[in-house]
file run.txt (compact mmCIF, C-alpha atoms)
# COMPACT_ATOMS: atom_id res chain seq x y z
CA MET A 1 207.35 54.65 22.70
CA THR A 2 209.89 57.30 21.81
CA VAL A 3 208.90 59.52 18.93
CA ARG A 4 211.55 61.29 16.92
CA VAL A 5 210.45 64.28 14.86
CA ILE A 6 212.37 64.93 11.66
CA ASP A 7 212.14 68.44 10.26
CA VAL A 8 211.78 68.09 6.47
CA ARG A 9 210.33 71.30 4.97
CA GLU A 10 210.85 70.07 1.42
CA SER A 11 208.65 71.28 -1.41
CA VAL A 12 206.72 68.46 -3.02
CA MET A 13 207.51 70.08 -6.36
CA ALA A 14 211.26 70.34 -5.68
CA ARG A 15 212.28 67.29 -7.74
CA ASN A 16 210.03 68.26 -10.65
CA ASN A 17 211.36 71.81 -10.54
CA GLU A 18 214.95 70.58 -10.52
CA ILE A 19 214.32 68.52 -13.66
CA ALA A 20 212.49 71.47 -15.22
CA ARG A 21 215.53 73.66 -14.58
CA SER A 22 217.71 71.12 -16.34
CA VAL A 23 215.30 71.00 -19.31
CA ARG A 24 215.28 74.79 -19.47
CA GLU A 25 219.09 74.93 -19.45
CA ARG A 26 219.23 72.46 -22.35
CA ILE A 27 216.73 74.29 -24.52
CA GLU A 28 218.29 77.67 -23.74
CA SER A 29 221.77 76.45 -24.58
CA GLU A 30 220.42 75.31 -27.97
CA GLY A 31 218.55 78.59 -28.58
CA VAL A 32 215.17 76.86 -28.73
CA LEU A 33 211.92 78.61 -27.84
CA ALA A 34 209.71 76.29 -25.75
CA LEU A 35 206.02 77.01 -25.26
CA ASN A 36 203.70 74.97 -23.06
CA LEU A 37 200.16 75.01 -24.49
CA VAL A 38 197.49 74.58 -21.84
CA SER A 39 193.70 74.72 -21.98
CA SER A 40 190.56 72.87 -21.08
CA PRO A 41 189.82 69.83 -23.26
CA GLY A 42 188.56 70.76 -26.72
CA ALA A 43 189.77 74.36 -26.77
CA GLY A 44 191.68 73.70 -29.99
CA LYS A 45 195.32 73.12 -29.05
CA THR A 46 195.88 70.41 -31.65
CA THR A 47 194.07 72.31 -34.40
CA LEU A 48 196.11 75.44 -33.67
CA LEU A 49 199.28 73.35 -33.88
CA GLU A 50 198.20 71.75 -37.17
CA LYS A 51 197.71 75.19 -38.73
CA THR A 52 200.94 76.43 -37.20
CA LEU A 53 202.88 73.53 -38.72
CA ASP A 54 201.27 74.28 -42.10
CA ALA A 55 202.24 77.96 -41.87
CA LEU A 56 205.73 77.72 -40.40
CA GLY A 57 206.90 74.18 -41.03
CA ASP A 58 208.99 75.11 -44.08
CA GLU A 59 210.46 78.14 -42.38
CA MET A 60 211.66 76.80 -39.05
CA ALA A 61 212.24 73.47 -37.35
CA ILE A 62 209.33 72.75 -35.03
CA ALA A 63 209.33 69.89 -32.55
CA ILE A 64 206.28 68.80 -30.60
CA VAL A 65 205.76 66.85 -27.40
CA THR A 66 202.09 66.12 -27.01
CA GLY A 67 200.47 64.70 -23.89
CA ASP A 68 197.23 62.81 -23.63
CA VAL A 69 195.59 60.75 -20.91
CA GLN A 70 194.96 57.96 -23.41
CA THR A 71 195.54 57.43 -27.14
CA GLN A 72 198.11 58.89 -29.51
CA ASN A 73 195.40 60.50 -31.63
CA ASP A 74 196.75 64.04 -31.32
CA ALA A 75 200.28 62.93 -32.17
CA ASP A 76 198.95 61.06 -35.22
CA ARG A 77 197.04 64.15 -36.37
CA LEU A 78 200.09 66.39 -35.98
CA ALA A 79 202.42 63.92 -37.67
CA ARG A 80 200.41 64.40 -40.88
CA HIS A 81 201.55 68.06 -40.92
CA THR A 82 205.28 67.63 -40.34
CA SER A 83 208.15 65.38 -41.28
CA SER A 84 209.67 65.95 -37.85
CA LEU A 85 209.16 63.55 -35.00
CA VAL A 86 206.08 64.21 -32.88
CA GLN A 87 206.66 62.74 -29.44
CA ALA A 88 203.51 61.36 -27.82
CA VAL A 89 203.37 61.04 -24.05
CA VAL A 90 200.45 58.94 -22.86
CA THR A 91 200.07 59.76 -19.18
CA GLY A 92 197.97 56.68 -18.41
CA GLY A 93 195.41 58.55 -16.36
CA ALA A 94 197.49 61.43 -15.02
CA CYS A 95 195.93 64.82 -15.64
CA HIS A 96 199.09 66.75 -16.52
CA LEU A 97 202.58 66.39 -17.96
CA ASP A 98 205.52 66.59 -15.57
CA ALA A 99 209.11 67.64 -16.19
CA LEU A 100 210.45 64.09 -16.11
CA GLN A 101 208.08 63.06 -18.93
CA VAL A 102 209.21 66.04 -21.02
CA ASP A 103 212.86 65.36 -20.24
CA LYS A 104 212.49 61.77 -21.47
CA ALA A 105 210.53 62.81 -24.55
CA LEU A 106 213.29 65.25 -25.49
CA GLU A 107 215.83 62.41 -25.67
CA ALA A 108 214.46 61.57 -29.12
CA ILE A 109 214.46 65.18 -30.34
CA ASP A 110 217.56 66.84 -31.81
CA LEU A 111 217.38 70.21 -30.07
CA SER A 112 220.41 71.46 -31.97
CA ARG A 113 218.24 71.36 -35.09
CA THR A 114 215.11 72.76 -33.45
CA ASP A 115 213.92 76.37 -33.42
CA LEU A 116 210.59 76.01 -31.69
CA LEU A 117 209.37 73.39 -29.25
CA PHE A 118 205.69 73.07 -28.45
CA ILE A 119 204.63 71.07 -25.43
CA GLU A 120 200.93 70.31 -25.83
CA ASN A 121 199.78 69.61 -22.30
CA VAL A 122 196.87 67.43 -21.23
CA GLY A 123 193.56 69.30 -21.55
CA ASN A 124 192.97 70.54 -18.00
CA LEU A 125 192.91 74.04 -16.54
CA VAL A 126 193.85 73.01 -13.00
CA CYS A 127 196.77 70.60 -12.63
CA PRO A 128 199.10 71.71 -15.48
CA ALA A 129 199.31 75.14 -13.84
CA ALA A 130 201.31 73.68 -10.96
CA TRP A 131 203.95 71.80 -12.98
CA ASP A 132 206.95 73.59 -14.44
CA LEU A 133 208.07 71.68 -17.53
CA GLY A 134 211.10 73.83 -18.33
CA GLU A 135 209.21 75.92 -20.85
CA HIS A 136 209.82 79.63 -21.45
CA ALA A 137 206.15 80.45 -21.21
CA LYS A 138 202.74 78.92 -20.80
CA VAL A 139 200.24 79.84 -23.49
CA VAL A 140 196.66 79.34 -22.35
CA LEU A 141 194.01 78.70 -25.00
CA PHE A 142 190.49 79.89 -24.21
CA SER A 143 187.73 79.10 -26.68
CA VAL A 144 184.62 81.19 -27.16
CA THR A 145 182.50 78.08 -26.66
CA GLU A 146 183.48 78.17 -22.98
CA GLY A 147 182.10 80.50 -20.31
CA GLU A 148 183.43 84.05 -20.17
CA ASP A 149 184.34 83.55 -16.51
CA LYS A 150 186.88 80.75 -17.07
CA PRO A 151 189.74 83.07 -15.98
CA LEU A 152 187.94 83.74 -12.69
CA LYS A 153 187.22 80.05 -12.14
CA TYR A 154 190.77 78.95 -12.94
CA PRO A 155 192.83 81.97 -11.88
CA ARG A 156 196.10 80.16 -11.26
CA MET A 157 196.33 79.00 -14.87
CA PHE A 158 195.65 82.48 -16.21
CA ARG A 159 198.14 83.95 -13.74
CA GLU A 160 200.83 81.43 -14.71
CA ALA A 161 200.34 82.03 -18.45
CA ARG A 162 202.18 84.81 -20.21
CA HIS A 163 200.03 84.68 -23.33
CA ALA A 164 196.40 83.79 -24.04
CA VAL A 165 194.98 82.69 -27.37
CA MET A 166 191.25 83.06 -27.74
CA THR A 167 190.18 80.37 -30.19
CA LYS A 168 187.18 79.63 -32.44
CA ILE A 169 186.29 83.33 -32.82
CA ASP A 170 184.56 82.49 -36.12
CA LEU A 171 181.75 81.10 -33.93
CA LEU A 172 181.14 84.41 -32.12
CA PRO A 173 178.12 85.40 -34.29
CA TYR A 174 176.34 82.21 -33.22
CA LEU A 175 177.09 82.34 -29.49
CA PRO A 176 176.03 84.56 -26.60
CA PHE A 177 179.72 84.83 -25.64
CA ASP A 178 180.68 88.32 -24.45
CA LEU A 179 184.25 88.72 -25.75
CA PRO A 180 185.09 92.06 -24.03
CA ARG A 181 183.86 90.65 -20.73
CA ALA A 182 185.95 87.47 -21.14
CA MET A 183 189.06 89.50 -21.99
CA GLY A 184 188.33 91.78 -19.04
CA TYR A 185 188.18 88.81 -16.67
CA ALA A 186 191.46 87.46 -18.06
CA ARG A 187 193.20 90.81 -17.52
CA GLU A 188 191.61 91.14 -14.09
CA VAL A 189 193.43 87.94 -13.11
CA ASN A 190 196.63 88.76 -15.02
CA PRO A 191 197.02 92.39 -16.16
CA ASP A 192 200.15 91.52 -18.14
CA LEU A 193 198.50 88.77 -20.19
CA GLU A 194 198.96 89.21 -23.95
CA ILE A 195 195.76 88.13 -25.70
CA LEU A 196 195.47 87.04 -29.32
CA LEU A 197 192.16 86.39 -31.08
CA THR A 198 192.19 83.49 -33.53
CA SER A 199 190.17 81.10 -35.62
CA ALA A 200 192.24 78.21 -36.91
CA THR A 201 189.27 77.24 -39.11
CA THR A 202 188.89 80.53 -41.03
CA GLY A 203 192.43 81.79 -40.50
CA GLN A 204 191.21 84.93 -38.73
CA GLY A 205 193.93 86.25 -36.42
CA MET A 206 196.35 83.51 -37.39
CA ASP A 207 198.73 86.07 -38.92
CA ASP A 208 199.09 87.66 -35.48
CA TRP A 209 199.83 84.27 -33.89
CA ILE A 210 202.40 83.41 -36.54
CA ALA A 211 204.02 86.86 -36.27
CA PHE A 212 204.19 86.40 -32.51
CA LEU A 213 205.95 83.05 -32.92
CA ARG A 214 208.42 84.44 -35.48
CA ARG A 215 209.27 87.30 -33.14
CA GLU A 216 209.71 85.08 -30.09
CA VAL A 217 211.80 82.51 -31.97
CA SER A 218 214.09 85.21 -33.37
CA HIS A 219 214.63 86.55 -29.83
CA ARG A 220 215.67 83.12 -28.56
CA SER A 221 217.58 81.75 -31.50
CA ASN A 222 221.37 81.65 -31.42
CA ARG A 223 221.41 80.54 -35.06
CA PRO A 224 221.21 82.70 -38.19
CA ALA A 225 217.69 83.83 -39.05
CA PRO A 226 215.99 81.54 -41.61
CA SER A 227 215.65 82.89 -45.09
CA LEU A 228 212.07 83.99 -45.73
CA GLY A 229 212.63 84.51 -49.44
CA MET B 230 195.17 61.77 -10.89
CA HIS B 231 196.84 64.94 -9.68
CA GLU B 232 196.61 64.12 -5.99
CA MET B 233 198.02 60.63 -6.55
CA SER B 234 201.08 62.16 -8.28
CA ILE B 235 201.51 64.46 -5.29
CA ALA B 236 201.04 61.59 -2.82
CA LEU B 237 203.64 59.45 -4.61
CA GLU B 238 206.12 62.30 -4.43
CA VAL B 239 205.38 62.78 -0.71
CA CYS B 240 206.17 59.09 -0.16
CA ARG B 241 209.34 59.36 -2.25
CA ILE B 242 210.52 62.27 -0.10
CA ALA B 243 209.81 60.26 3.07
CA GLU B 244 211.79 57.34 1.66
CA THR B 245 214.79 59.59 0.99
CA ARG B 246 214.76 60.85 4.60
CA LEU B 247 214.57 57.47 6.38
CA THR B 248 216.53 54.24 6.27
CA PRO B 249 214.67 51.21 4.87
CA GLU B 250 214.50 49.80 8.41
CA ALA B 251 212.82 52.97 9.72
CA LEU B 252 210.11 53.18 7.05
CA PRO B 253 207.73 50.66 8.72
CA ARG B 254 208.08 52.65 11.94
CA LEU B 255 207.04 55.92 10.33
CA LEU B 256 204.09 57.22 12.38
CA THR B 257 203.15 60.55 10.84
CA VAL B 258 203.81 62.54 7.69
CA GLY B 259 203.08 66.23 8.17
CA ILE B 260 202.17 68.04 4.97
CA VAL B 261 201.38 71.71 4.36
CA VAL B 262 198.89 72.42 1.58
CA GLY B 263 198.32 76.03 0.57
CA ASP B 264 194.79 77.13 -0.28
CA ASP B 265 195.99 78.04 -3.79
CA ALA B 266 198.17 74.96 -4.33
CA GLY B 267 195.63 73.38 -6.67
CA VAL B 268 195.32 70.33 -4.43
CA GLU B 269 192.11 68.94 -2.97
CA PRO B 270 193.12 67.98 0.61
CA SER B 271 190.53 65.23 1.03
CA ASN B 272 191.68 63.58 -2.21
CA LEU B 273 195.31 63.87 -1.15
CA GLN B 274 194.43 62.38 2.25
CA PHE B 275 192.71 59.45 0.53
CA CYS B 276 195.72 58.79 -1.71
CA LEU B 277 198.23 59.05 1.14
CA ASP B 278 196.18 56.77 3.39
CA ALA B 279 196.23 54.14 0.65
CA LEU B 280 199.97 54.46 -0.05
CA LEU B 281 201.10 54.65 3.58
CA ALA B 282 199.16 51.48 4.40
CA GLN B 283 201.35 49.52 1.99
CA PRO B 284 204.99 48.38 2.37
CA PRO B 285 207.56 49.74 2.82
CA PHE B 286 205.35 51.83 5.09
CA GLY B 287 203.48 50.38 8.05
CA GLY B 288 200.30 52.41 8.27
CA ALA B 289 201.60 55.91 8.95
CA THR B 290 199.09 58.75 9.27
CA ALA B 291 199.13 61.74 6.93
CA LYS B 292 198.35 65.02 8.70
CA ILE B 293 197.50 67.83 6.32
CA ALA B 294 197.70 71.43 7.52
CA ARG B 295 196.14 74.20 5.45
CA GLN B 296 197.54 77.69 5.07
CA PRO B 297 197.08 80.65 2.72
CA GLY B 298 199.15 80.74 -0.47
CA ASP B 299 200.37 78.06 -2.86
CA GLU B 300 202.82 76.24 -0.59
CA LEU B 301 202.93 72.46 -0.95
CA ARG B 302 205.56 70.77 1.18
CA VAL B 303 206.40 67.83 3.38
CA ASP B 304 206.83 69.56 6.72
CA TYR B 305 207.94 66.84 9.13
CA LEU B 306 208.08 63.11 9.79
CA GLU B 307 207.46 61.35 13.11
CA VAL B 308 209.17 58.01 13.64
CA ASP B 309 208.87 55.48 16.44
CA GLU B 310 212.40 55.05 17.74
call {"tool": "encode", "arguments": {"input": "run.txt", "output": "structure tokens"}}
result
Amino acid sequence: MTVRVIDVRESVMARNNEIARSVRERIESEGVLALNLVSSPGAGKTTLLEKTLDALGDEMAIAIVTGDVQTQNDADRLARHTSSLVQAVVTGGACHLDALQVDKALEAIDLSRTDLLFIENVGNLVCPAAWDLGEHAKVVLFSVTEGEDKPLKYPRMFREARHAVMTKIDLLPYLPFDLPRAMGYAREVNPDLEILLTSATTGQGMDDWIAFLRREVSHRSNRPAPSLG
Amino acid sequence: MHEMSIALEVCRIAETRLTPEALPRLLTVGIVVGDDAGVEPSNLQFCLDALLAQPPFGGATAKIARQPGDELRVDYLEVDE
């Protein structure tokens, strides 16, 4: 038997990353800000988006691609807060969204009329960290009902994220959660991480989140600023 | 699952590097998995064993090499000429 060895040295992520680059070029050419929301299941991604649509929906055009392993429940919830199309991607068992799924979902979205694109990833702190979807930044949600050491347990996700949103802070009085310690762990993993403290239920900290989005959208937009009056 | 997505992509890369006639004669797929790649090697091995046992492949072996970092690549293919 003669064995021929073929040198390959090709990244397994190369094809995904190529599609992600194409997605990023499209959204950048349209002046759209794209944020990839990642978290463990139940951290409050959909609730944060519902409140965000309520606060900003009349001010800017927000499109959403939302991924779930099964069901379109999150898309149905979000659709009640916007007249824009909410694109549901049911991954059928896969634990993350990939760039091809986002690319296909964007076919139904008019990016030329979009200011802000949210990609709500599948709830999972491991796999989504590895997949570039063409977003400008990953935003990791971290709820106070989780352990303070989540950033140490899932360092890659907290390293990949540019922003962190601590959620459910209205529950802090009822939990033994040590907020300074949790924030310390997050900054230990990623010293540049911007951390916002929020409660979508009481509205605490939501002004900071909304101000952050306004600022980021205005930096990206190549269209005239929306009238706030 | 995550490792199945990775395994499918590994197989797709192998298919792009070989002619259809050569695929059943593929003997080995060498893969490098970094310690920080977010991939469980034993799960990936399980998925690749299952996929490489099915046509168009003919029972090739996946050999996973670990290394520091987050590298995840198909390193080489061995084919029976």
call {"tool": "interface_residues", "arguments": {"input": "run.txt", "of": "chain B", "to": "chain A", "cutoff": "6 Å", "atoms": "all atoms listed in the file", "output": "PDB file with C-alpha atoms, in the frame of the given file"}}
result
ATOM      1  CA  MET B 230     195.170  61.770 -10.890  1.00  0.00           C
ATOM      2  CA  LEU B 301     202.930  72.460  -0.950  1.00  0.00           C
ATOM      3  CA  ARG B 302     205.560  70.770   1.180  1.00  0.00           C
ATOM      4  CA  VAL B 303     206.400  67.830   3.380  1.00  0.00           C
ATOM      5  CA  ASP B 304     206.830  69.560   6.720  1.00  0.00           C
ATOM      6  CA  TYR B 305     207.940  66.840   9.130  1.00  0.00           C
ATOM      7  CA  LEU B 306     208.080  63.110   9.790  1.00  0.00           C
ATOM      8  CA  GLU B 307     207.460  61.350  13.110  1.00  0.00           C
ATOM      9  CA  VAL B 308     209.170  58.010  13.640  1.00  0.00           C
ATOM     10  CA  ASP B 309     208.870  55.480  16.440  1.00  0.00           C
ATOM     11  CA  GLU B 310     212.400  55.050  17.740  1.00  0.00           C
TER      12      GLU B 310
END
call {"tool": "atom_distance", "arguments": {"input": "run.txt", "atom1": "atom CA of Ala289 of chain B", "atom2": "atom CA of Leu277 of chain B"}}
result
9.1 Å
call {"tool": "residues_around", "arguments": {"input": "run.txt", "residues": "Thr114 of chain A", "least_positions_apart": "5", "cutoff": "9 Å", "atoms": "only C-alpha atoms", "output": "PyMOL selection string"}}
result
chain A and resi 30-33+60-63+109
call {"tool": "write_last_selection", "arguments": {"input": "run.txt", "atoms": "C-alpha atoms", "output": "PDB file, in the coordinates of the input"}}
result
ATOM      1  CA  GLU A  30     220.420  75.310 -27.970  1.00  0.00           C
ATOM      2  CA  GLY A  31     218.550  78.590 -28.580  1.00  0.00           C
ATOM      3  CA  VAL A  32     215.170  76.860 -28.730  1.00  0.00           C
ATOM      4  CA  LEU A  33     211.920  78.610 -27.840  1.00  0.00           C
ATOM      5  CA  MET A  60     211.660  76.800 -39.050  1.00  0.00           C
ATOM      6  CA  ALA A  61     212.240  73.470 -37.350  1.00  0.00           C
ATOM      7  CA  ILE A  62     209.330  72.750 -35.030  1.00  0.00           C
ATOM      8  CA  ALA A  63     209.330  69.890 -32.550  1.00  0.00           C
ATOM      9  CA  ILE A 109     214.460  65.180 -30.340  1.00  0.00           C
TER      10      ILE A 109
END
call {"tool": "axis_aligned_box", "arguments": {"input": "run.txt", "around": "segment 178-181 of chain A", "padding_each_side": "3 Å", "output": "lines of an AutoDock Vina configuration file"}}
result
center_x = 182.9
center_y = 90.2
center_z = -23.2
size_x = 10.4
size_y = 9.7
size_z = 11.0
call {"tool": "closest_residue", "arguments": {"input": "run.txt", "among": "A:Gln87, A:Thr52, A:Asn17, A:Thr167", "to": "Ser143 of chain A", "atoms": "all atoms listed in the file"}}
result
A:Thr167
call {"tool": "residues_around", "arguments": {"input": "run.txt", "residues": "segment 231-243 of chain B", "least_positions_apart": "3", "cutoff": "6 Å", "atoms": "only C-alpha atoms", "output": "list in words"}}
result
Arg246, Leu273, Cys276 and Leu277 of chain B
call {"tool": "atom_distance", "arguments": {"input": "run.txt", "atom1": "atom CA of Val38 of chain A", "atom2": "atom CA of Asp74 of chain A"}}
result
14.2 Å
call {"tool": "residues_around", "arguments": {"input": "run.txt", "residues": "Ser199 of chain A", "least_positions_apart": "4", "cutoff": "6 Å", "atoms": "all atoms listed in the file", "output": "ChimeraX atom specification"}}
result
/A:167-170,203-204
call {"tool": "atom_distance", "arguments": {"input": "run.txt", "atom1": "atom CA of Glu120 of chain A", "atom2": "atom CA of Gly42 of chain A"}}
result
12.4 Å
call {"tool": "closest_residue", "arguments": {"input": "run.txt", "among": "A:Leu85, A:Ile64, A:Leu100, A:Leu196", "to": "Asp132 of chain A", "atoms": "only C-alpha atoms"}}
result
A:Leu100
call {"tool": "residues_near_point", "arguments": {"input": "run.txt", "point": "(181.1, 86.9, -30.0)", "cutoff": "12 Å", "atoms": "only C-alpha atoms", "output": "count of residues only"}}
result
25
call {"tool": "closest_residue", "arguments": {"input": "run.txt", "among": "B:Asp278, B:Glu250, B:Asp264, B:Glu269", "to": "Arg295 of chain B", "atoms": "only C-alpha atoms"}}
result
B:Asp264
call {"tool": "residues_near_point", "arguments": {"input": "run.txt", "point": "(197.3, 78.5, -33.8)", "cutoff": "10 Å", "atoms": "all atoms listed in the file", "output": "list of chain:residue names"}}
result
A:Gly44, A:Lys45, A:Thr46, A:Thr47, A:Leu48, A:Leu49, A:Glu50, A:Lys51, A:Thr52, A:Leu53, A:Ala55, A:Leu141, A:Val165, A:Met166, A:Thr167, A:Leu196, A:Leu197, A:Thr198, A:Ser199, A:Ala200, A:Thr201, A:Gly203, A:Gly205, A:Met206, A:Asp207, A:Asp208, A:Trp209, A:Ile210, A:Leu213
call {"tool": "residues_around", "arguments": {"input": "run.txt", "residues": "Asp103 of chain A", "least_positions_apart": "6", "cutoff": "8 Å", "atoms": "all atoms listed in the file", "output": "PyMOL selection string"}}
result
chain A and resi 19-20+23
